[in-house]
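Coordinates from structure05.tsv are shown below (TSV, C-alpha atoms).
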chain	number	residue	atom	x	y	z
A	1	MET	CA	0.00	0.00	0.00
A	2	LYS	CA	2.87	2.40	0.81
A	3	LYS	CA	4.42	1.73	-2.60
A	4	ILE	CA	1.08	2.34	-4.33
A	5	ILE	CA	0.54	5.62	-2.46
A	6	ASN	CA	4.14	6.62	-3.17
A	7	VAL	CA	3.44	6.25	-6.90
A	8	LEU	CA	-0.17	7.46	-7.09
A	9	GLY	CA	-0.23	10.13	-4.34
A	10	PRO	CA	1.03	13.15	-6.34
A	11	GLY	CA	-1.14	12.27	-9.37
A	12	ILE	CA	-4.28	11.91	-7.25
A	13	ILE	CA	-3.58	15.25	-5.52
A	14	THR	CA	-3.26	16.92	-8.94
A	15	ALA	CA	-6.56	15.32	-10.06
A	16	ALA	CA	-8.29	16.50	-6.88
A	17	LEU	CA	-7.10	20.11	-7.12
A	18	VAL	CA	-8.00	20.34	-10.85
A	19	PHE	CA	-11.47	18.80	-10.40
A	20	GLY	CA	-13.16	21.67	-8.55
A	21	PRO	CA	-16.68	23.13	-8.53
A	22	SER	CA	-16.02	25.06	-11.75
A	23	LYS	CA	-15.19	21.78	-13.54
A	24	MET	CA	-18.43	20.25	-12.25
A	25	THR	CA	-20.37	23.29	-13.48
A	26	ILE	CA	-18.84	23.16	-16.98
A	27	THR	CA	-19.35	19.40	-17.37
A	28	SER	CA	-22.93	19.66	-16.04
A	29	LYS	CA	-23.73	22.28	-18.67
A	30	MET	CA	-22.03	20.25	-21.42
A	31	GLY	CA	-24.24	17.24	-20.70
A	32	ALA	CA	-27.47	19.11	-19.97
A	33	ASP	CA	-27.20	21.33	-23.07
A	34	TYR	CA	-25.55	19.04	-25.63
A	35	TYR	CA	-26.39	15.48	-24.52
A	36	TYR	CA	-23.41	13.12	-25.08
A	37	SER	CA	-22.03	14.98	-28.11
A	38	LEU	CA	-19.13	16.63	-26.22
A	39	LEU	CA	-17.71	13.50	-24.57
A	40	TRP	CA	-14.90	13.47	-27.12
A	41	ILE	CA	-13.41	16.70	-25.77
A	42	VAL	CA	-12.84	14.98	-22.38
A	43	ILE	CA	-10.53	12.48	-24.11
A	44	VAL	CA	-8.69	15.18	-26.10
A	45	ALA	CA	-8.12	17.55	-23.14
A	46	LEU	CA	-7.01	14.72	-20.86
A	47	PHE	CA	-4.65	13.32	-23.49
A	48	PHE	CA	-2.65	16.57	-23.46
A	49	MET	CA	-3.01	16.95	-19.69
A	50	GLY	CA	-1.62	13.43	-19.23
A	51	ALA	CA	1.39	14.13	-21.46
A	52	TYR	CA	2.32	17.36	-19.65
A	53	THR	CA	1.70	15.91	-16.19
A	54	ALA	CA	3.96	12.96	-17.09
A	55	MET	CA	6.67	15.38	-18.29
A	56	CYS	CA	6.45	17.27	-15.00
A	57	SER	CA	6.54	14.02	-13.02
A	58	ARG	CA	9.77	13.13	-14.82
A	59	ILE	CA	11.24	16.54	-14.01
A	60	GLY	CA	10.28	16.17	-10.35
A	61	ALA	CA	11.64	12.61	-10.12
A	62	THR	CA	15.03	13.44	-11.67
A	63	GLN	CA	15.74	16.96	-10.36
A	64	ASP	CA	16.54	18.18	-6.86
A	65	LYS	CA	15.94	21.82	-7.78
A	66	SER	CA	12.38	23.10	-8.04
A	67	LEU	CA	10.90	23.83	-11.45
A	68	LEU	CA	10.80	27.57	-10.76
A	69	THR	CA	14.48	27.46	-9.80
A	70	LEU	CA	15.28	25.68	-13.07
A	71	ILE	CA	13.30	28.33	-14.96
A	72	LYS	CA	15.19	31.13	-13.20
A	73	GLU	CA	18.52	29.50	-14.06
A	74	HIS	CA	17.80	28.58	-17.67
A	75	PHE	CA	15.51	31.45	-18.72
A	76	SER	CA	15.59	34.43	-16.37
A	77	LYS	CA	14.80	35.32	-12.77
A	78	GLY	CA	12.10	37.68	-14.02
A	79	ILE	CA	10.17	34.91	-15.78
A	80	GLY	CA	10.38	32.66	-12.71
A	81	LEU	CA	9.18	35.48	-10.45
A	82	ALA	CA	6.35	36.40	-12.85
A	83	ILE	CA	5.13	32.79	-13.01
A	84	GLY	CA	5.15	32.43	-9.20
A	85	ILE	CA	3.31	35.72	-8.60
A	86	GLY	CA	0.91	35.03	-11.49
A	87	ILE	CA	-0.07	31.61	-10.15
A	88	PHE	CA	-0.59	33.12	-6.68
A	89	LEU	CA	-2.94	35.78	-8.14
A	90	VAL	CA	-4.89	33.21	-10.16
A	91	ALA	CA	-5.20	30.86	-7.16
A	92	THR	CA	-6.38	33.71	-4.93
A	93	SER	CA	-8.89	34.94	-7.52
A	94	PHE	CA	-10.52	31.52	-7.90
A	95	GLN	CA	-10.38	30.57	-4.20
A	96	ALA	CA	-13.76	32.16	-3.43
A	97	GLY	CA	-15.42	29.76	-5.88
A	98	ASN	CA	-14.02	26.77	-3.96
A	99	SER	CA	-15.19	28.24	-0.65
A	100	ILE	CA	-18.67	28.84	-2.05
A	101	GLY	CA	-18.79	25.27	-3.41
A	102	VAL	CA	-18.12	23.88	0.07
A	103	GLY	CA	-20.75	26.18	1.60
A	104	ILE	CA	-23.43	25.28	-0.96
A	105	ALA	CA	-22.73	21.54	-0.82
A	106	ILE	CA	-23.15	21.29	2.95
A	107	GLY	CA	-25.72	24.10	3.23
A	108	GLU	CA	-28.08	22.62	0.61
A	109	ALA	CA	-27.75	19.11	2.06
A	110	THR	CA	-28.50	20.26	5.63
A	111	GLY	CA	-30.74	23.30	5.04
A	112	THR	CA	-28.34	25.63	6.87
A	113	PRO	CA	-26.65	28.94	5.86
A	114	MET	CA	-23.63	28.39	3.63
A	115	SER	CA	-21.55	31.08	5.41
A	116	ILE	CA	-21.25	28.87	8.51
A	117	TRP	CA	-19.68	26.09	6.45
A	118	ILE	CA	-17.43	28.42	4.48
A	119	VAL	CA	-15.85	29.66	7.72
A	120	THR	CA	-15.78	26.18	9.30
A	121	PHE	CA	-13.96	24.51	6.43
A	122	THR	CA	-11.61	27.44	5.87
A	123	VAL	CA	-10.56	27.20	9.53
A	124	LEU	CA	-10.23	23.41	9.15
A	125	GLY	CA	-8.12	23.86	6.01
A	126	ILE	CA	-5.77	26.27	7.79
A	127	ALA	CA	-5.56	23.94	10.82
A	128	LEU	CA	-4.45	21.09	8.53
A	129	LEU	CA	-1.50	23.22	7.41
A	130	PHE	CA	0.03	23.15	10.87
A	131	PHE	CA	0.06	19.39	11.34
A	132	PRO	CA	3.68	18.13	11.70
A	133	SER	CA	3.77	16.71	8.15
A	134	PHE	CA	1.30	18.66	6.04
A	135	TYR	CA	2.12	16.80	2.81
A	136	LYS	CA	1.23	13.46	4.43
A	137	VAL	CA	-2.02	14.91	5.77
A	138	MET	CA	-2.89	16.50	2.42
A	139	GLU	CA	-2.12	13.29	0.50
A	140	LYS	CA	-4.39	11.21	2.74
A	141	LEU	CA	-7.10	13.89	2.64
A	142	MET	CA	-7.01	14.13	-1.17
A	143	ILE	CA	-7.03	10.34	-1.63
A	144	GLY	CA	-9.99	10.14	0.76
A	145	LEU	CA	-11.89	12.92	-1.03
A	146	VAL	CA	-11.18	11.41	-4.47
A	147	LEU	CA	-12.46	8.00	-3.26
A	148	LEU	CA	-15.54	9.78	-1.85
A	149	MET	CA	-16.17	11.52	-5.18
A	150	LEU	CA	-15.62	8.33	-7.17
A	151	GLY	CA	-18.07	6.47	-4.93
A	152	CYS	CA	-20.72	9.18	-5.29
A	153	PHE	CA	-20.40	9.50	-9.05
A	154	ILE	CA	-20.34	5.72	-9.64
A	155	ALA	CA	-23.48	5.36	-7.48
A	156	THR	CA	-25.20	8.19	-9.38
A	157	LEU	CA	-24.27	6.57	-12.71
A	158	PHE	CA	-25.86	3.30	-11.57
A	159	LEU	CA	-29.12	5.19	-10.99
A	160	THR	CA	-28.89	6.71	-14.46
A	161	ASP	CA	-30.55	5.16	-17.51
A	162	ILE	CA	-27.82	5.51	-20.16
A	163	ASN	CA	-28.59	5.09	-23.87
A	164	PHE	CA	-25.36	3.32	-24.85
A	165	ALA	CA	-25.81	3.83	-28.61
A	166	ASP	CA	-26.03	7.61	-28.10
A	167	PHE	CA	-23.26	7.43	-25.50
A	168	LEU	CA	-20.83	5.88	-28.00
A	169	THR	CA	-21.59	8.54	-30.64
A	170	GLY	CA	-20.35	11.13	-28.14
A	171	PHE	CA	-16.77	10.02	-28.80
A	172	VAL	CA	-17.06	11.06	-32.45
A	173	PRO	CA	-15.79	14.68	-32.63
A	174	SER	CA	-18.52	17.21	-33.39
A	175	ILE	CA	-19.14	20.85	-32.52
A	176	PRO	CA	-22.86	21.50	-31.96
A	177	ASP	CA	-24.15	25.04	-32.56
A	178	GLY	CA	-23.31	27.31	-29.64
A	179	SER	CA	-21.01	24.80	-27.92
A	180	ILE	CA	-17.64	26.36	-28.79
A	181	GLY	CA	-17.54	28.43	-25.57
A	182	LEU	CA	-18.03	25.33	-23.40
A	183	ILE	CA	-15.44	23.38	-25.42
A	184	ILE	CA	-12.88	26.16	-24.86
A	185	ALA	CA	-13.77	26.49	-21.17
A	186	PHE	CA	-13.52	22.75	-20.52
A	187	THR	CA	-10.24	22.35	-22.43
A	188	ALA	CA	-8.70	25.34	-20.63
A	189	SER	CA	-9.74	24.08	-17.20
A	190	CYS	CA	-8.99	20.37	-17.75
A	191	PHE	CA	-5.70	20.84	-19.64
A	192	SER	CA	-4.37	22.60	-16.55
A	193	LEU	CA	-0.71	23.49	-16.98
A	194	VAL	CA	-0.69	24.99	-13.49
A	195	GLY	CA	-1.77	21.59	-12.11
A	196	ALA	CA	0.86	19.82	-14.23
A	197	PHE	CA	3.49	22.38	-13.13
A	198	TYR	CA	2.75	21.72	-9.46
A	199	GLN	CA	3.13	17.96	-10.03
A	200	THR	CA	6.92	18.47	-9.97
A	201	TYR	CA	6.66	19.97	-6.48
A	202	LEU	CA	4.46	17.12	-5.23
A	203	ILE	CA	6.92	14.50	-6.51
A	204	GLN	CA	9.82	16.33	-4.85
A	205	GLU	CA	7.87	16.74	-1.60
A	206	ARG	CA	7.16	13.01	-1.64
A	207	LYS	CA	10.91	12.30	-2.24
A	208	LYS	CA	11.90	14.47	0.74
A	209	MET	CA	9.31	12.86	2.98
A	210	SER	CA	10.21	9.26	2.10
A	211	GLN	CA	13.95	10.08	1.84
A	212	GLN	CA	14.33	7.88	-1.20
A	213	SER	CA	14.44	8.35	-4.95
A	214	VAL	CA	11.31	8.05	-7.10
A	215	ASP	CA	11.32	5.68	-10.07
A	216	VAL	CA	10.83	7.78	-13.22
A	217	LYS	CA	8.56	5.29	-15.03
A	218	SER	CA	6.46	4.78	-11.90
A	219	SER	CA	6.03	8.53	-11.46
A	220	GLU	CA	4.81	8.78	-15.07
A	221	ARG	CA	2.34	5.95	-14.52
A	222	GLY	CA	1.11	7.69	-11.38
A	223	ALA	CA	0.58	10.89	-13.36
A	224	PHE	CA	-1.46	9.10	-16.05
A	225	THR	CA	-3.51	7.31	-13.37
A	226	GLY	CA	-4.35	10.62	-11.70
A	227	VAL	CA	-5.39	12.13	-15.03
A	228	ALA	CA	-7.51	9.03	-15.81
A	229	ILE	CA	-9.33	9.52	-12.50
A	230	LEU	CA	-9.86	13.20	-13.39
A	231	GLY	CA	-11.30	12.08	-16.74
A	232	PHE	CA	-13.63	9.52	-15.17
A	233	MET	CA	-15.05	12.08	-12.73
A	234	SER	CA	-15.53	14.68	-15.49
A	235	ALA	CA	-17.20	12.14	-17.79
A	236	SER	CA	-19.44	10.88	-14.96
A	237	VAL	CA	-20.92	14.31	-14.32
A	238	LEU	CA	-21.38	14.94	-18.06
A	239	ILE	CA	-23.05	11.53	-18.60
A	240	CYS	CA	-25.38	12.00	-15.65
A	241	ALA	CA	-26.46	15.45	-16.89
A	242	ALA	CA	-26.86	14.13	-20.46
A	243	ALA	CA	-28.94	11.12	-19.45
A	244	VAL	CA	-31.13	12.79	-16.83
A	245	LEU	CA	-31.41	16.52	-17.54
A	246	ASN	CA	-31.07	16.81	-21.32
A	247	PRO	CA	-34.17	14.69	-22.21
A	248	LYS	CA	-36.23	16.81	-19.79
A	249	GLY	CA	-34.93	20.06	-21.29
A	250	ILE	CA	-33.47	21.12	-17.92
A	251	HIS	CA	-30.59	23.59	-18.25
A	252	VAL	CA	-28.24	24.26	-15.32
A	253	GLY	CA	-26.01	27.23	-14.54
A	254	SER	CA	-24.00	25.61	-11.75
A	255	ALA	CA	-23.15	22.28	-10.17
A	256	ALA	CA	-25.45	23.13	-7.24
A	257	GLU	CA	-28.37	23.60	-9.65
A	258	MET	CA	-27.67	20.17	-11.09
A	259	GLY	CA	-27.84	18.66	-7.62
A	260	LYS	CA	-31.24	20.30	-7.07
A	261	ALA	CA	-32.47	19.18	-10.51
A	262	LEU	CA	-31.68	15.54	-9.71
A	263	GLU	CA	-33.97	15.44	-6.67
A	264	PRO	CA	-37.41	15.51	-8.39
A	265	LEU	CA	-36.14	13.02	-10.98
A	266	PHE	CA	-34.20	10.57	-8.81
A	267	GLY	CA	-35.25	11.47	-5.28
A	268	SER	CA	-33.29	12.97	-2.40
A	269	TYR	CA	-30.83	10.03	-2.34
A	270	ALA	CA	-29.24	10.88	-5.68
A	271	SER	CA	-29.35	14.59	-4.96
A	272	SER	CA	-27.54	14.04	-1.66
A	273	LEU	CA	-24.95	11.84	-3.38
A	274	PHE	CA	-24.28	14.59	-5.91
A	275	PHE	CA	-23.91	17.23	-3.17
A	276	ILE	CA	-21.45	14.98	-1.33
A	277	GLY	CA	-19.48	14.75	-4.58
A	278	LEU	CA	-19.63	18.55	-4.92
A	279	PHE	CA	-18.31	18.88	-1.36
A	280	GLY	CA	-15.40	16.55	-2.16
A	281	ALA	CA	-14.55	18.54	-5.30
A	282	SER	CA	-14.84	21.88	-3.50
A	283	PHE	CA	-12.92	21.07	-0.32
A	284	SER	CA	-10.11	19.28	-2.18
A	285	SER	CA	-9.76	22.34	-4.43
A	286	LEU	CA	-10.03	24.72	-1.47
A	287	VAL	CA	-6.97	23.09	0.12
A	288	GLY	CA	-5.14	22.18	-3.11
A	289	ASN	CA	-5.62	25.49	-4.92
A	290	ALA	CA	-4.42	27.48	-1.90
A	291	THR	CA	-1.41	25.16	-1.52
A	292	VAL	CA	-0.40	25.70	-5.16
A	293	GLY	CA	-0.69	29.49	-4.88
A	294	GLY	CA	1.16	29.76	-1.57
A	295	ALA	CA	3.94	27.26	-2.34
A	296	LEU	CA	4.78	28.73	-5.75
A	297	LEU	CA	4.79	32.31	-4.48
A	298	GLY	CA	7.08	31.18	-1.67
A	299	ASP	CA	9.41	29.56	-4.19
A	300	ALA	CA	9.33	32.63	-6.47
A	301	LEU	CA	10.25	34.91	-3.54
A	302	GLY	CA	13.08	32.62	-2.43
A	303	TYR	CA	11.39	31.30	0.73
A	304	SER	CA	11.51	27.69	-0.61
A	305	SER	CA	8.45	25.73	-1.64
A	306	SER	CA	8.52	23.19	1.18
A	307	LEU	CA	5.12	22.57	2.72
A	308	ASN	CA	6.88	22.43	6.10
A	309	SER	CA	8.08	26.03	5.75
A	310	LYS	CA	6.24	28.44	8.09
A	311	LYS	CA	6.41	31.23	5.50
A	312	VAL	CA	4.84	28.99	2.86
A	313	LYS	CA	2.12	27.94	5.31
A	314	ILE	CA	1.34	31.62	6.00
A	315	LEU	CA	1.07	32.33	2.24
A	316	ILE	CA	-1.26	29.33	1.81
A	317	SER	CA	-3.35	30.60	4.76
A	318	ILE	CA	-3.61	34.04	3.13
A	319	VAL	CA	-5.12	32.48	-0.01
A	320	MET	CA	-7.68	30.59	2.10
A	321	VAL	CA	-8.61	33.61	4.22
A	322	LEU	CA	-9.02	35.91	1.21
A	323	GLY	CA	-11.21	33.29	-0.50
A	324	CYS	CA	-13.35	33.00	2.63
A	325	ILE	CA	-13.79	36.80	2.95
A	326	VAL	CA	-14.79	37.23	-0.71
A	327	ALA	CA	-17.16	34.24	-0.56
A	328	ILE	CA	-19.01	35.56	2.51
A	329	SER	CA	-19.00	39.19	1.34
A	330	PHE	CA	-20.33	38.56	-2.19
A	331	GLY	CA	-21.89	35.07	-2.02
A	332	ARG	CA	-20.38	34.38	-5.43
A	333	LEU	CA	-17.15	34.90	-7.36
A	334	PRO	CA	-17.16	38.62	-8.34
A	335	LEU	CA	-16.87	39.42	-12.05
A	336	GLU	CA	-13.79	41.58	-11.38
A	337	LEU	CA	-11.92	38.60	-9.89
A	338	ILE	CA	-12.94	36.37	-12.79
A	339	VAL	CA	-11.62	38.97	-15.25
A	340	LEU	CA	-8.37	39.35	-13.27
A	341	ALA	CA	-7.83	35.59	-13.14
A	342	GLN	CA	-8.61	35.14	-16.83
A	343	SER	CA	-6.38	38.06	-17.82
A	344	VAL	CA	-3.42	36.75	-15.83
A	345	THR	CA	-4.03	33.17	-17.02
A	346	ILE	CA	-4.18	34.16	-20.71
A	347	PHE	CA	-0.60	35.45	-20.70
A	348	LEU	CA	0.79	33.21	-17.95
A	349	VAL	CA	-0.11	29.74	-19.26
A	350	PRO	CA	1.90	29.94	-22.54
A	351	PHE	CA	5.05	30.81	-20.51
A	352	ILE	CA	4.38	27.83	-18.22
A	353	GLY	CA	3.82	25.50	-21.18
A	354	ILE	CA	6.95	26.62	-23.02
A	355	SER	CA	9.03	26.37	-19.82
A	356	ILE	CA	7.89	22.81	-19.08
A	357	PHE	CA	8.40	21.73	-22.71
A	358	VAL	CA	11.88	23.25	-23.08
A	359	ILE	CA	13.16	21.87	-19.76
A	360	ALA	CA	11.69	18.41	-20.40
A	361	ASN	CA	13.35	18.45	-23.87
A	362	SER	CA	16.76	19.54	-22.56
A	363	LYS	CA	19.35	16.76	-22.51
A	364	LYS	CA	21.61	19.12	-20.51
A	365	ILE	CA	19.07	19.19	-17.67
A	366	MET	CA	17.27	15.86	-18.04
A	367	GLY	CA	20.03	13.66	-19.49
A	368	GLU	CA	18.66	10.28	-20.60
A	369	HIS	CA	15.22	11.23	-19.26
A	370	ALA	CA	14.70	14.05	-21.76
A	371	ASN	CA	11.56	13.88	-23.92
A	372	ASN	CA	11.50	11.17	-26.56
A	373	THR	CA	9.93	11.72	-29.99
A	374	PHE	CA	6.40	10.92	-28.73
A	375	TYR	CA	6.52	13.56	-25.98
A	376	LYS	CA	8.14	16.09	-28.32
A	377	VAL	CA	5.32	15.73	-30.86
A	378	ILE	CA	2.50	15.68	-28.29
A	379	GLY	CA	4.13	18.51	-26.33
A	380	ALA	CA	4.33	20.68	-29.45
A	381	LEU	CA	0.68	19.94	-30.31
A	382	GLY	CA	-0.25	20.77	-26.71
A	383	LEU	CA	1.49	24.14	-27.01
A	384	ALA	CA	-0.48	24.78	-30.22
A	385	VAL	CA	-3.72	24.08	-28.30
A	386	ILE	CA	-2.61	26.47	-25.53
A	387	PHE	CA	-1.92	29.27	-28.02
A	388	ILE	CA	-5.27	28.70	-29.76
A	389	LEU	CA	-6.98	28.98	-26.36
A	390	MET	CA	-4.97	32.12	-25.61
A	391	PHE	CA	-5.93	33.86	-28.87
A	392	SER	CA	-9.56	32.81	-28.40
A	393	ASN	CA	-9.63	34.29	-24.89
A	394	VAL	CA	-7.90	37.48	-26.02
A	395	TYR	CA	-10.52	37.87	-28.75
A	396	ASP	CA	-13.44	37.22	-26.36
A	397	MET	CA	-12.15	39.54	-23.63
A	398	PHE	CA	-10.60	42.45	-25.52
A	399	LEU	CA	-11.63	42.42	-29.19
A	400	LYS	CA	-15.16	41.02	-29.41
Could you render the structure as structure tokens?
Amino acid sequence: MKKIINVLGPGIITAALVFGPSKMTITSKMGADYYYSLLWIVIVALFFMGAYTAMCSRIGATQDKSLLTLIKEHFSKGIGLAIGIGIFLVATSFQAGNSIGVGIAIGEATGTPMSIWIVTFTVLGIALLFFPSFYKVMEKLMIGLVLLMLGCFIATLFLTDINFADFLTGFVPSIPDGSIGLIIAFTASCFSLVGAFYQTYLIQERKKMSQQSVDVKSSERGAFTGVAILGFMSASVLICAAAVLNPKGIHVGSAAEMGKALEPLFGSYASSLFFIGLFGASFSSLVGNATVGGALLGDALGYSSSLNSKKVKILISIVMVLGCIVAISFGRLPLELIVLAQSVTIFLVPFIGISIFVIANSKKIMGEHANNTFYKVIGALGLAVIFILMFSNVYDMFLK
């Protein structure tokens, strides 16, 4: 079991922090609005996410220096600092959405105000930081939450009447009228280069904790396993929405609305299962997202990225507290924060992608573990996807 956790732990943490309430909202809308026809994009986005997460796992397994340190040394200190600060700003901007997801999930299930649960789980998240070995605690928490989500989504799928002929046609690429926005949003959120980037830190944290080297091939397999779990959870929500809501013409604007929509159709049991899944997605992202933002800012500022560093723990706490304050003050993620996060992400992600690709390709840095032809081709195609997403977002935000 220790060997399995050693291999799968970092990949499962990455899956848990990427699969947040926003992912559940997007996949709910994809299924409710377009039936099974967008299932193919789950495979495409996860294919590129798997390749980049595997590259980052290889970097983490073979290097003692952090990825930001390597970027500072081989590109410039300015780029490394900009990436660290940028990721901190993005994490802080989106943190309120994770806090709200936790509040809604518990509040709707118990009929109590969501603000109570936002504060409760923010305090619990901060308390977890100050356990003697936070990485160990986080790893066990994320594995537990992922198992909880998997159990809920599998149970919900069993209650769902799936038309398998229509289901299979969903893997044939098509772009229904009006779906391009959701395709872009899902690809951008699922092909998460920030999540892949942080995989290097998780692998290195695991190495320090176990005080032994990590097998490169095993770390790659762990990365692909984590991404496969992410894909299964995304597809489960989409399939459930397609099978249950689409035939009834029910459209949803959030994951919470989907949970409510399931109740009159399936009964309170399925609705409760879905809200438990939403809680798992929200709380794992609340902790994981804040950890990414705080650890990478700490590394960018030269404080180290170790999760045992007090300065890093304070930075992670700041992300959680700010998310809690915004969530309680506005009850939603303010448009200004969404615009800030999108603006920073548009210009930040290409730098992250190029940095990962160049370092993973470098024989000087990676030696025999540098990218082979497969990863070079897929990595280049992934960069093309990232730049297409960037130009699309620039057009939507500034030129449209």
With a distance cut-off of 12 Å and all atoms listed in the file, select the neighbouring residues of Thr373 of chain A, excluding the residue or stretch itself and same-chain residues fewer than 6 positions from it, and output the selection as a PyMOL selection string. chain A and resi 360-361+379-380
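If you look at atom CA of Ala341 of chain A and atom CA of Leu89 of chain A, they are 7.0 Å away from each other.
When only C-alpha atoms are used to measure the gap to Val137 of chain A, the shortest distance among A:Ile239, A:Leu307, A:Leu38, A:Met366 belongs to A:Leu307.
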Write out as an NGL selection string the residues lying within 9 Å of Thr156 of chain A, counting all atoms listed in the file and excluding same-chain residues fewer than 5 positions away. :A and (151 or 236-237 or 240 or 270-271 or 273-274)
Neighbours of point (0.8, 7.2, -13.4) within 12 Å, using all atoms listed in the file, written as a ChimeraX atom specification: /A:4-12,14-15,50-51,53-58,199,203,215-229
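Ranking A:Leu128, A:Leu168, A:Leu340, A:Ile162 by their shortest atom-to-atom distance to Leu39 of chain A, with all atoms listed in the file included, puts A:Leu168 first.
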What lies within 8 Å of Ala45 of chain A using all atoms listed in the file, ignoring chain neighbours under 4 positions off, as a ChimeraX atom specification? /A:41,49,186-187,190-191
Write the residues of the selection above to a file with C-alpha atoms, as a tab-separated table (two decimals), in the frame of the given file.
chain	number	residue	atom	x	y	z
A	41	ILE	CA	-13.41	16.70	-25.77
A	49	MET	CA	-3.01	16.95	-19.69
A	186	PHE	CA	-13.52	22.75	-20.52
A	187	THR	CA	-10.24	22.35	-22.43
A	190	CYS	CA	-8.99	20.37	-17.75
A	191	PHE	CA	-5.70	20.84	-19.64
Within 12 Å of Phe347 of chain A, counting all atoms listed in the file, which residues show up once you throw out same-chain ones fewer than 2 positions away? Write them as a VMD selection string, please. chain A and resid 79 82 to 83 86 to 87 90 340 to 345 349 to 354 386 to 387 389 to 391 393 to 394
Of the listed residues A:Ile346, A:Gly170, A:Leu129, A:Val292, that which approaches Ser305 of chain A most closely, counting all atoms listed in the file: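 Closest residue, counting all atoms listed in the file: A:Val292.
Proximity of A:Ile356, A:Ala196, A:Ile328, A:Leu159 to Gly80 of chain A, computed with all atoms listed in the file, is greatest for A:Ile356.
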Write out as a short mmCIF file (atom, residue, chain, number, x, y, z; two decimals) with C-alpha atoms, in the frame of the given file which residues come within 9 Å of segment 92-102 of chain A when counting only C-alpha atoms, dropping same-chain ones fewer than 6 positions away.
data_model
loop_
_atom_site.label_atom_id
_atom_site.label_comp_id
_atom_site.auth_asym_id
_atom_site.auth_seq_id
_atom_site.Cartn_x
_atom_site.Cartn_y
_atom_site.Cartn_z
CA GLY A 20 -13.16 21.67 -8.55
CA PRO A 21 -16.68 23.13 -8.53
CA SER A 22 -16.02 25.06 -11.75
CA MET A 114 -23.63 28.39 3.63
CA SER A 115 -21.55 31.08 5.41
CA TRP A 117 -19.68 26.09 6.45
CA ILE A 118 -17.43 28.42 4.48
CA VAL A 119 -15.85 29.66 7.72
CA PHE A 121 -13.96 24.51 6.43
CA THR A 122 -11.61 27.44 5.87
CA ALA A 255 -23.15 22.28 -10.17
CA ALA A 256 -25.45 23.13 -7.24
CA LEU A 278 -19.63 18.55 -4.92
CA PHE A 279 -18.31 18.88 -1.36
CA GLY A 280 -15.40 16.55 -2.16
CA ALA A 281 -14.55 18.54 -5.30
CA SER A 282 -14.84 21.88 -3.50
CA PHE A 283 -12.92 21.07 -0.32
CA SER A 284 -10.11 19.28 -2.18
CA SER A 285 -9.76 22.34 -4.43
CA LEU A 286 -10.03 24.72 -1.47
CA VAL A 287 -6.97 23.09 0.12
CA ASN A 289 -5.62 25.49 -4.92
CA ALA A 290 -4.42 27.48 -1.90
CA GLY A 293 -0.69 29.49 -4.88
CA ILE A 318 -3.61 34.04 3.13
CA VAL A 319 -5.12 32.48 -0.01
CA MET A 320 -7.68 30.59 2.10
CA LEU A 322 -9.02 35.91 1.21
CA GLY A 323 -11.21 33.29 -0.50
CA CYS A 324 -13.35 33.00 2.63
CA ILE A 325 -13.79 36.80 2.95
CA VAL A 326 -14.79 37.23 -0.71
CA ALA A 327 -17.16 34.24 -0.56
CA ILE A 328 -19.01 35.56 2.51
CA GLY A 331 -21.89 35.07 -2.02
CA ARG A 332 -20.38 34.38 -5.43
CA LEU A 333 -17.15 34.90 -7.36
CA PRO A 334 -17.16 38.62 -8.34
CA LEU A 337 -11.92 38.60 -9.89
CA ILE A 338 -12.94 36.37 -12.79
CA LEU A 340 -8.37 39.35 -13.27
CA ALA A 341 -7.83 35.59 -13.14
#
When you count all atoms listed in the file, which of these residues is closest to Tyr35 of chain A: A:Leu245, A:Leu297, A:Ala109, A:Val123?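 Of the candidates, the smallest distance to Tyr35 of chain A is held by A:Leu245.
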Between atom CA of Asp166 of chain A and atom CA of Phe275 of chain A, measure the distance and give it in Å to one decimal.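 Interatomic distance, atom CA of Asp166 of chain A to atom CA of Phe275 of chain A: 26.8 Å.
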Just to confirm, what's the straight-line distance from atom CA of Thr110 of chain A to atom CA of Lys140 of chain A in Å (one decimal)?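 Taking atom CA of Thr110 of chain A and atom CA of Lys140 of chain A, their separation equals 25.9 Å.
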